[in-house]
Amino acid sequence: MKTVTHWIGGALAGGEEAGRHGIVYDPATGSEEARVAFATPSDVDATVRAARSTFPEWRDTSLSGRTRVLFRFRELVDRHRDELARLITAEHGKTLEDARGEVQRGLEVVELACGIPSLLQGEFSENVSTRVDAYSIRQPLGVVAGITPFNFPAMVPMWMFPVAIACGNAFVLKPSEKDPSASLLLARWWQEAGLPDGVFNVVQGDKVAVDAILDHPGIAAVSFVGSTPIARHVYERGTAQGKRVQALGGAKNHAVVLPDADVEMAASALASAGYGSAGERCMAVSAVVAVGEVADALVPALAERAASVVVGPGMSDGSQMGPLVTSAHRDKVASYVEAGIREGAELVVDGRDLKVEGHEAGFFLGPCLFDRVTPEMSIYRDEIFGPVLSVVRVGSFDDALGLVNRNPYGNGVAIFTNDGLAARRFQSEVEVGMVGINVPIPTPMAYFSFGGWKQSLFGDTHVHGRQGVHFYTRTKAVTARWPEPTGERAVHLGFPTAD
Ligand code: NAD
């Protein structure tokens, strides 16, 4: 069986020894496809040393030089986008169409980073005091790391490294051990694009590798995306070591449907957002908040759509939804469906008995729909991360807004309505980082920043956009005077003020 290895200093590394490792599956067949090496702290140390030794060369590469590498990388991803999408589908299970969308959204961050000369521009003020100028510059941090989840094995790393590298940093990626191969394809394309070896590195692994990254004194900053308990751990341990950390966590995304909404449109949007990628998106809609009488029309419209989703292998034409990532995750999601029934919710569509012909050992679970879910139930409280939609019925707009705002997560939210005033009030008062108005998955474009509020983000900057540039650089403010040969030379012990 092949072993997925690390990529250190421009070469594959670390696959030969039979050390700790994980198994990579094909979720559509359930078969074991590869082993993935798990890095030790000394592997992480070797990676950081490789990155540190190249950092000065890359930091000192001109903006034009860096931009040329980024444009070449952009061309390579664009040209080979299908190869990358197929690799994602093979290890994650999502449909090819979905994987292609993931690649496209990652590519858009590379395109943003191609504009780094403008994004990095500092500020200049002439004559802040007599014949004294002041200016600020943004400089890279050094070696920075990204730790990423299984659900977007290409896009989430691409939220981070194009911006970090464009800013002049060296980067260490620790991808998810469940679908690790995309990272190595990206590493090869960086090398082909002319990025100096050691600027982009990959260490495969689990908690051991993550903790070694958090503790390593040679790493200046860590970007993390994953579940809330791990995000909190990464934030606390990383900042305790003096690192800059942004840690994006889990989600429980609500979609509020007001009585005046276009029910057919809303039902299609919600089914797409709830069941797309088998619900394994951090922006997936999980709780549908039906206001007033709209539930009576909405629930049957949702049920019709849930029951007609074509579930099958991600590689097959016509599949709309693929399997879940592992059998353990599929079983966990199914156990939530059982808990929902036990706790008194009404299971309107049950996907647990779904069989995909020829793929009986695949990790499939069909779309499930619950009605009359209440906030005390575990299917409402927990992030399920599977194809399970829960309808919560409430009486009014204020009840809906209060429910969303009391939820500890604050990643994404949507409202469906034809009432502009209600939508505007919602946008203003809702305590969530990303808001959609008649848009179910309001994932910001690369030139805006992506991030949630509350327990969906630990730290204070979002990823990509200007906040990404901010995160991966530090500001230096310079005050400069060029003394005139005949100028004053006296000693002044008072605090300097402008004159
Ligand atoms: P996860 O938290 O299990 O894993 C994320 C990363 O942390 C992986 O690289 C993993 O190897 C590492 N990790 C796992 N356990 C660890 C531990 N005990 N100590 C240290 N590191 C550990 O998340 P996942 O299951 O891969 O991804 C799904 C989760 O990610 C969901 O909660 C989803 O909402 C979240 N997510 C959030 C966003 C966002 O933008 N907020 C985006 C994508 C995914």
# chains A, B, ... in the order shown; residues from 1 in each chain; ligands from 1
>>> residues_near_ligand(ligand="ligand 1", cutoff="7 Å", atoms="only C-alpha atoms and all ligand atoms", output="number ranges by chain")
A: 147-152, 156, 174-177, 205-207, 210-211, 225-228, 230-231, 234, 248-251, 281-282, 383, 385, 411, 451-452, 456-457
>>> write_last_selection(atoms="N, CA and C atoms", output="compact mmCIF listing (two decimals), in the first residue's frame")
# COMPACT_ATOMS: atom_id res chain seq x y z
N ILE A 147 -2.98 24.51 10.02
CA ILE A 147 -3.48 23.18 10.43
C ILE A 147 -4.92 23.11 9.93
N THR A 148 -5.23 22.12 9.11
CA THR A 148 -6.49 22.20 8.37
C THR A 148 -7.36 20.95 8.54
N PRO A 149 -8.68 21.09 8.27
CA PRO A 149 -9.63 20.00 8.50
C PRO A 149 -9.81 19.13 7.25
N PHE A 150 -10.57 18.04 7.42
CA PHE A 150 -10.73 17.11 6.30
C PHE A 150 -11.70 17.62 5.24
N ASN A 151 -12.59 18.54 5.61
CA ASN A 151 -13.74 18.76 4.72
C ASN A 151 -13.42 19.60 3.49
N PHE A 152 -12.32 20.36 3.51
CA PHE A 152 -11.86 21.06 2.30
C PHE A 152 -10.34 20.88 2.22
N VAL A 156 -9.27 25.01 2.09
CA VAL A 156 -8.92 25.64 3.37
C VAL A 156 -7.42 25.92 3.46
N LYS A 174 -0.01 21.45 7.94
CA LYS A 174 -0.35 20.14 8.54
C LYS A 174 -1.78 19.86 8.13
N PRO A 175 -1.96 19.10 7.02
CA PRO A 175 -3.33 18.83 6.55
C PRO A 175 -4.01 17.77 7.39
N SER A 176 -5.29 17.57 7.11
CA SER A 176 -6.01 16.49 7.81
C SER A 176 -5.41 15.15 7.41
N GLU A 177 -5.32 14.27 8.37
CA GLU A 177 -4.79 12.92 8.09
C GLU A 177 -5.81 12.07 7.33
N GLY A 205 0.15 14.27 9.78
CA GLY A 205 0.11 13.75 11.14
C GLY A 205 -1.16 14.07 11.89
N ASP A 206 -1.07 13.83 13.19
CA ASP A 206 -2.21 13.98 14.08
C ASP A 206 -1.87 14.94 15.21
N LYS A 207 -2.41 14.70 16.39
CA LYS A 207 -2.22 15.60 17.54
C LYS A 207 -0.73 15.81 17.87
N VAL A 210 0.52 18.40 15.58
CA VAL A 210 -0.10 19.70 15.90
C VAL A 210 0.55 20.30 17.14
N ASP A 211 0.69 19.49 18.18
CA ASP A 211 1.26 20.04 19.42
C ASP A 211 2.72 20.43 19.24
N VAL A 225 -8.05 25.67 11.20
CA VAL A 225 -9.48 25.52 10.90
C VAL A 225 -9.86 24.09 11.27
N GLY A 226 -10.92 23.94 12.05
CA GLY A 226 -11.37 22.60 12.46
C GLY A 226 -12.51 22.74 13.46
N SER A 227 -12.66 21.74 14.31
CA SER A 227 -13.78 21.75 15.25
C SER A 227 -13.48 22.67 16.44
N THR A 228 -14.53 23.06 17.14
CA THR A 228 -14.37 24.05 18.22
C THR A 228 -13.47 23.58 19.37
N ILE A 230 -10.91 21.63 19.35
CA ILE A 230 -9.50 21.64 18.93
C ILE A 230 -9.07 23.08 18.65
N ALA A 231 -9.98 23.88 18.11
CA ALA A 231 -9.65 25.30 17.86
C ALA A 231 -9.29 25.99 19.17
N VAL A 234 -5.86 24.79 20.27
CA VAL A 234 -4.79 25.38 19.44
C VAL A 234 -4.58 26.85 19.84
N LEU A 248 -10.21 28.95 13.61
CA LEU A 248 -11.61 28.92 13.20
C LEU A 248 -12.21 27.58 13.62
N GLY A 249 -13.35 27.63 14.28
CA GLY A 249 -13.93 26.42 14.86
C GLY A 249 -15.18 25.95 14.14
N GLY A 250 -15.96 25.16 14.84
CA GLY A 250 -17.15 24.53 14.27
C GLY A 250 -18.31 25.50 14.13
N ALA A 251 -19.47 24.94 13.78
CA ALA A 251 -20.59 25.81 13.42
C ALA A 251 -21.92 25.11 13.68
N ARG A 281 -19.88 20.62 5.53
CA ARG A 281 -19.31 21.94 5.25
C ARG A 281 -19.49 22.78 6.51
N CYS A 282 -18.50 23.61 6.79
CA CYS A 282 -18.62 24.47 7.97
C CYS A 282 -19.71 25.50 7.76
N GLU A 383 -23.04 20.26 16.73
CA GLU A 383 -22.74 20.28 15.30
C GLU A 383 -22.73 18.82 14.85
N PHE A 385 -22.58 17.70 11.50
CA PHE A 385 -21.65 17.59 10.36
C PHE A 385 -22.01 16.42 9.46
N ASN A 411 -20.93 31.10 13.02
CA ASN A 411 -20.19 31.08 11.75
C ASN A 411 -20.99 31.73 10.64
N GLY A 451 -14.73 34.41 8.28
CA GLY A 451 -14.57 34.03 9.67
C GLY A 451 -15.86 34.21 10.45
N GLY A 452 -16.00 33.42 11.51
CA GLY A 452 -17.20 33.49 12.32
C GLY A 452 -17.01 34.32 13.58
N SER A 456 -17.08 30.05 17.01
CA SER A 456 -16.63 29.65 15.68
C SER A 456 -15.30 30.30 15.33
N LEU A 457 -14.78 31.15 16.20
CA LEU A 457 -13.45 31.74 15.93
C LEU A 457 -12.78 32.15 17.23
>>> residues_around(residues="A:Glu32", least_positions_apart="3", cutoff="12 Å", atoms="only C-alpha atoms", output="PyMOL selection string")
chain A and resi 1-3+22-29+35-36+90-91+178+326-327+361-362
>>> select_by_dssp(residues="stretch 300-384 of chain A", states="strand (DSSP E)", output="PDB file with N, CA, C and O atoms, in the first residue's frame")
ATOM      1  N   GLU A 346     -39.687  14.909  15.180  1.00  0.00           N
ATOM      2  CA  GLU A 346     -40.440  14.121  14.198  1.00  0.00           C
ATOM      3  C   GLU A 346     -39.552  13.873  12.974  1.00  0.00           C
ATOM      4  O   GLU A 346     -39.198  14.829  12.274  1.00  0.00           O
ATOM      5  N   LEU A 347     -39.180  12.609  12.744  1.00  0.00           N
ATOM      6  CA  LEU A 347     -38.303  12.285  11.610  1.00  0.00           C
ATOM      7  C   LEU A 347     -39.159  12.178  10.353  1.00  0.00           C
ATOM      8  O   LEU A 347     -39.907  11.222  10.171  1.00  0.00           O
ATOM      9  N   VAL A 348     -39.046  13.176   9.484  1.00  0.00           N
ATOM     10  CA  VAL A 348     -39.897  13.234   8.288  1.00  0.00           C
ATOM     11  C   VAL A 348     -39.262  12.454   7.134  1.00  0.00           C
ATOM     12  O   VAL A 348     -39.945  11.788   6.364  1.00  0.00           O
ATOM     13  N   VAL A 349     -37.947  12.540   7.004  1.00  0.00           N
ATOM     14  CA  VAL A 349     -37.239  11.756   5.984  1.00  0.00           C
ATOM     15  C   VAL A 349     -36.091  11.038   6.694  1.00  0.00           C
ATOM     16  O   VAL A 349     -35.310  11.656   7.417  1.00  0.00           O
ATOM     17  N   CYS A 368     -31.532  13.213   5.833  1.00  0.00           N
ATOM     18  CA  CYS A 368     -32.527  13.066   6.907  1.00  0.00           C
ATOM     19  C   CYS A 368     -33.128  14.441   7.193  1.00  0.00           C
ATOM     20  O   CYS A 368     -32.424  15.455   7.131  1.00  0.00           O
ATOM     21  N   LEU A 369     -34.414  14.441   7.525  1.00  0.00           N
ATOM     22  CA  LEU A 369     -35.093  15.711   7.840  1.00  0.00           C
ATOM     23  C   LEU A 369     -35.922  15.533   9.102  1.00  0.00           C
ATOM     24  O   LEU A 369     -36.733  14.594   9.186  1.00  0.00           O
ATOM     25  N   PHE A 370     -35.690  16.400  10.063  1.00  0.00           N
ATOM     26  CA  PHE A 370     -36.486  16.414  11.293  1.00  0.00           C
ATOM     27  C   PHE A 370     -37.375  17.657  11.331  1.00  0.00           C
ATOM     28  O   PHE A 370     -36.940  18.749  10.958  1.00  0.00           O
ATOM     29  N   ASP A 371     -38.582  17.490  11.843  1.00  0.00           N
ATOM     30  CA  ASP A 371     -39.465  18.629  12.121  1.00  0.00           C
ATOM     31  C   ASP A 371     -39.698  18.684  13.637  1.00  0.00           C
ATOM     32  O   ASP A 371     -39.444  17.716  14.349  1.00  0.00           O
TER      33      ASP A 371
END
>>> closest_residue(among="A:Glu97, A:Glu357, A:Asp60, A:Asp78", to="A:Asp317", atoms="only C-alpha atoms")
A:Glu97
>>> select_by_dssp(residues="stretch 93-287 of chain A", states="helix (DSSP H, G or I)", output="ChimeraX atom specification")
/A:96-113,116-119,155-166,181-193,207-215,228-240,263-279
>>> residues_around(residues="stretch 252-260 of chain A", least_positions_apart="6", cutoff="6 Å", atoms="only C-alpha atoms", output="number ranges by chain")
A: 285-291, 294, 383, 409, 412-417
>>> residues_around(residues="A:Val325", least_positions_apart="6", cutoff="7 Å", atoms="only C-alpha atoms", output="list in words")
Pro27, His92, Gly93 and Phe363 of chain A
>>> write_last_selection(atoms="N, CA, C and O atoms", output="mmCIF file, in the first residue's frame")
data_model
loop_
_atom_site.group_PDB
_atom_site.id
_atom_site.type_symbol
_atom_site.label_atom_id
_atom_site.label_comp_id
_atom_site.auth_asym_id
_atom_site.auth_seq_id
_atom_site.Cartn_x
_atom_site.Cartn_y
_atom_site.Cartn_z
ATOM 1 N N PRO A 27 -13.938 6.611 0.586
ATOM 2 C CA PRO A 27 -15.220 6.549 1.306
ATOM 3 C C PRO A 27 -16.345 5.938 0.476
ATOM 4 O O PRO A 27 -17.319 5.449 1.034
ATOM 5 N N HIS A 92 -11.940 12.252 0.020
ATOM 6 C CA HIS A 92 -12.985 12.868 0.851
ATOM 7 C C HIS A 92 -14.353 12.250 0.588
ATOM 8 O O HIS A 92 -15.147 12.082 1.504
ATOM 9 N N GLY A 93 -14.634 11.947 -0.694
ATOM 10 C CA GLY A 93 -15.920 11.358 -1.042
ATOM 11 C C GLY A 93 -16.895 12.314 -1.695
ATOM 12 O O GLY A 93 -17.866 11.885 -2.319
ATOM 13 N N PHE A 363 -19.361 4.554 2.855
ATOM 14 C CA PHE A 363 -19.806 5.205 4.106
ATOM 15 C C PHE A 363 -21.018 6.109 3.853
ATOM 16 O O PHE A 363 -21.001 7.302 4.154
#
>>> closest_residue(among="A:Leu84, A:Ile437, A:Val337, A:Leu298", to="A:Asp98", atoms="only C-alpha atoms")
A:Leu84
>>> residues_around(residues="A:Lys355", least_positions_apart="2", cutoff="12 Å", atoms="only C-alpha atoms", output="number ranges by chain")
A: 28, 310-313, 323, 351-353, 357-366
